[in-house]
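Next comes upload_17.txt, a file with compact mmCIF, C-alpha atoms.
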```txt
# COMPACT_ATOMS: atom_id res chain seq x y z
CA MET I 15 11.66 12.13 23.97
CA ALA I 16 13.45 10.61 20.97
CA GLU I 17 12.19 7.50 19.28
CA SER I 18 14.39 4.44 19.49
CA ASP I 19 15.43 2.61 16.33
CA ARG I 20 12.97 -0.18 17.11
CA GLU I 21 10.05 2.23 17.36
CA ARG I 22 10.61 3.63 13.87
CA ALA I 23 8.81 1.48 11.35
CA VAL I 24 6.71 1.46 8.22
CA GLU I 25 3.85 -0.90 7.66
CA GLY I 26 1.15 -1.89 5.26
CA TRP I 27 0.24 -4.90 3.19
CA ILE I 28 1.37 -6.56 -0.03
CA TRP I 29 0.01 -9.37 -2.18
CA ASN I 30 1.17 -12.84 -1.23
CA GLU I 31 2.81 -13.42 -4.63
CA ASN I 32 4.92 -10.29 -4.11
CA VAL I 33 6.50 -11.28 -0.78
CA GLN I 34 9.62 -12.86 -2.29
CA PRO I 35 10.48 -9.98 -4.66
CA PHE I 36 9.67 -7.47 -1.89
CA LEU I 37 12.13 -9.13 0.48
CA ALA I 38 14.77 -9.52 -2.23
CA LEU I 39 14.68 -5.80 -3.05
CA LEU I 40 14.56 -4.74 0.60
CA ALA I 41 17.56 -6.98 1.27
CA ARG I 42 19.53 -5.17 -1.44
CA TYR I 43 19.06 -1.90 0.48
CA ALA I 44 20.60 -3.60 3.51
CA GLY I 45 23.49 -5.07 1.52
CA TYR I 46 22.17 -8.58 2.15
CA ASP I 47 22.05 -11.37 -0.43
CA PHE I 48 18.54 -12.81 -0.07
CA ASP I 49 18.71 -16.29 -1.59
CA GLY I 50 16.65 -19.43 -1.95
CA THR I 51 17.46 -20.61 1.57
CA ASP I 52 16.15 -17.34 2.99
CA TRP I 53 12.99 -17.67 0.94
CA GLN I 54 12.40 -21.24 2.16
CA ALA I 55 12.65 -20.06 5.77
CA VAL I 56 10.22 -17.19 5.18
CA GLU I 57 7.79 -19.37 3.24
CA LEU I 58 7.68 -21.92 6.08
CA GLY I 59 7.47 -19.21 8.72
CA LEU I 60 4.47 -17.58 7.01
CA GLU I 61 2.38 -20.77 7.00
CA ALA I 62 1.05 -20.43 10.56
CA THR I 63 0.71 -16.65 10.66
CA ASP I 64 -2.43 -14.59 11.21
CA ASP I 65 -2.32 -10.82 10.85
CA GLU I 66 -5.14 -10.37 13.37
CA HIS I 67 -3.03 -11.84 16.20
CA LEU I 68 0.29 -10.12 17.00
CA ASP I 69 1.65 -13.29 18.58
CA ARG I 70 1.24 -15.12 15.26
CA TRP I 71 3.40 -12.84 13.12
CA TYR I 72 6.68 -14.11 11.64
CA SER I 73 9.85 -12.02 11.96
CA TYR I 74 12.87 -12.25 9.69
CA PRO I 75 16.08 -10.23 10.00
CA LEU I 76 17.78 -8.79 6.95
CA ALA I 77 21.22 -7.99 8.34
CA GLY I 78 23.54 -6.92 5.58
CA SER I 79 26.86 -5.23 5.18
CA ASP I 80 25.24 -1.78 5.09
CA HIS I 81 22.11 -1.87 7.25
CA ARG I 82 19.77 -4.10 9.24
CA PHE I 83 16.01 -4.48 8.97
CA GLU I 84 13.58 -6.52 11.03
CA VAL I 85 10.74 -7.58 8.77
CA HIS I 86 7.51 -8.76 10.40
CA LEU I 87 5.00 -10.61 8.22
CA ALA I 88 1.59 -12.21 8.64
CA LYS I 89 -0.96 -13.57 6.21
CA ALA I 90 -4.54 -12.37 6.14
CA VAL I 91 -6.66 -15.40 6.94
CA GLY I 92 -8.90 -16.14 3.99
CA GLY I 93 -7.18 -13.55 1.78
CA ASP I 94 -4.24 -13.12 -0.56
CA GLU I 95 -2.71 -10.24 1.39
CA VAL I 96 0.30 -10.29 3.70
CA SER I 97 0.66 -7.59 6.34
CA VAL I 98 4.18 -6.19 6.56
CA ARG I 99 6.06 -4.14 9.14
CA VAL I 100 9.65 -3.03 8.53
CA ALA I 101 11.65 -1.76 11.50
CA GLY I 102 15.17 -1.87 12.89
CA THR I 103 16.81 1.12 11.24
CA SER I 104 16.97 4.77 12.18
CA ASN I 105 17.80 5.71 8.58
CA LEU I 106 14.74 7.66 7.43
CA GLU I 107 15.69 7.36 3.76
CA LEU I 108 15.69 3.56 4.05
CA LEU I 109 12.33 3.61 5.82
CA LEU I 110 10.95 5.73 2.99
CA ARG I 111 12.31 3.23 0.46
CA ALA I 112 10.70 0.38 2.39
CA ASP I 113 7.41 2.28 2.48
CA THR I 114 7.61 2.81 -1.29
CA LEU I 115 8.24 -0.90 -1.83
CA ILE I 116 5.21 -1.75 0.30
CA SER I 117 3.06 0.57 -1.80
CA ALA I 118 4.43 -0.84 -5.05
CA PHE I 119 3.94 -4.47 -4.04
CA ALA I 120 0.36 -3.80 -2.95
CA THR I 121 -0.28 -3.60 -6.71
CA ARG I 122 -0.91 -6.66 -8.83
CA PHE I 123 1.36 -6.64 -11.85
CA VAL I 124 -0.09 -7.94 -15.09
CA PRO I 125 2.54 -9.44 -17.42
```
Full structure transcribed into structure tokens:
Amino acid sequence: MAESDRERAVEGWIWNENVQPFLALLARYAGYDFDGTDWQAVELGLEATDDEHLDRWYSYPLAGSDHRFEVHLAKAVGGDEVSVRVAGTSNLELLLRADTLISAFATRFVP
């Protein structure tokens, strides 16, 4: 039985301060211009999330000229981490790129 596009996903966690650059880079892969208005929506949507309760995750579509992603996000209560799940594409190369971004943004960058 073949997996549907919605069943294919990558997931992990990233630091809270890396959510905006993570989404901006992921959006570029989709051909979507992630701007300040998008970030305001995500920032507000994340406020009431809890990664331990699936019904309290926030979902944001990145539908660009090239591809579409469904990004699911939820904050860790009492922590600085944000759980991330990227789905919505059957393109395995894009899923690998998303997985690499998740790994990279799970690192704190020191200026």
Close residues, His81 of chain I itself excluded, 10 Å, only C-alpha atoms, min 3 positions apart in chain, as a ChimeraX atom specification
/I:41-46,76-78,102-105,108
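Between atom CA of Gly92 of chain I and atom CA of Pro75 of chain I there is a distance of 26.4 Å.
Counting only C-alpha atoms and comparing I:Arg82, I:Ile28, I:Ala23, I:Tyr72, the residue that lies closest to Ile116 of chain I is I:Ile28.
Computed from the coordinates, the atom CA of Phe36 of chain I to atom CA of Leu115 of chain I distance equals 6.7 Å.
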Hey, what's within 7 Å of segment 110-113 of chain I if we count all atoms listed in the file and toss same-chain stuff fewer than 4 positions away? As a list in words, please?
Val24, Leu40, Leu106 and Ser117 of chain I
Please save C-alpha atoms of the selected residues as a PDB file, in the coordinates of the input.
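Result went into result38.pdb, see below:
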```
ATOM      1  CA  VAL I  24       6.710   1.460   8.220  1.00  0.00           C
ATOM      2  CA  LEU I  40      14.560  -4.740   0.600  1.00  0.00           C
ATOM      3  CA  LEU I 106      14.740   7.660   7.430  1.00  0.00           C
ATOM      4  CA  SER I 117       3.060   0.570  -1.800  1.00  0.00           C
TER       5      SER I 117
END
```
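Candidate residues I:Phe83, I:Leu109, I:Val91, I:Asp52 were compared for distance to Gln34 of chain I, and the nearest is I:Asp52, using all atoms listed in the file.
Between atom CA of Val100 of chain I and atom CA of Phe123 of chain I lies a distance of 22.3 Å.
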Could you pull the residues within 8 Å of segment 58-71 of chain I, counting only C-alpha atoms, minus those fewer than 6 positions along the same chain, as a compact mmCIF listing (two decimals) with C-alpha atoms, in the frame of the given file?
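The resulting file, part.txt, is reproduced below:
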```txt
# COMPACT_ATOMS: atom_id res chain seq x y z
CA HIS I 86 7.51 -8.76 10.40
CA LEU I 87 5.00 -10.61 8.22
CA ALA I 88 1.59 -12.21 8.64
CA LYS I 89 -0.96 -13.57 6.21
CA ALA I 90 -4.54 -12.37 6.14
CA VAL I 91 -6.66 -15.40 6.94
CA VAL I 96 0.30 -10.29 3.70
CA SER I 97 0.66 -7.59 6.34
```
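The neighbours of Val33 of chain I here are the residues that come within 10 Å of it, using all atoms listed in the file and leaving out any residue fewer than 2 positions away in the same chain; they are Trp27, Ile28, Trp29, Asn30, Glu31, Pro35, Phe36, Leu37, Ala38, Trp53, Val56, Glu57, Leu87, Glu95, Val96, Ser97, Val98, Ile116, Phe119 and Ala120 of chain I.
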In terms of the shortest atom-to-atom distance over only C-alpha atoms, which of I:Asp47, I:Glu25, I:Ala118, I:Asn32 is closest to Asp80 of chain I?
I:Asp47
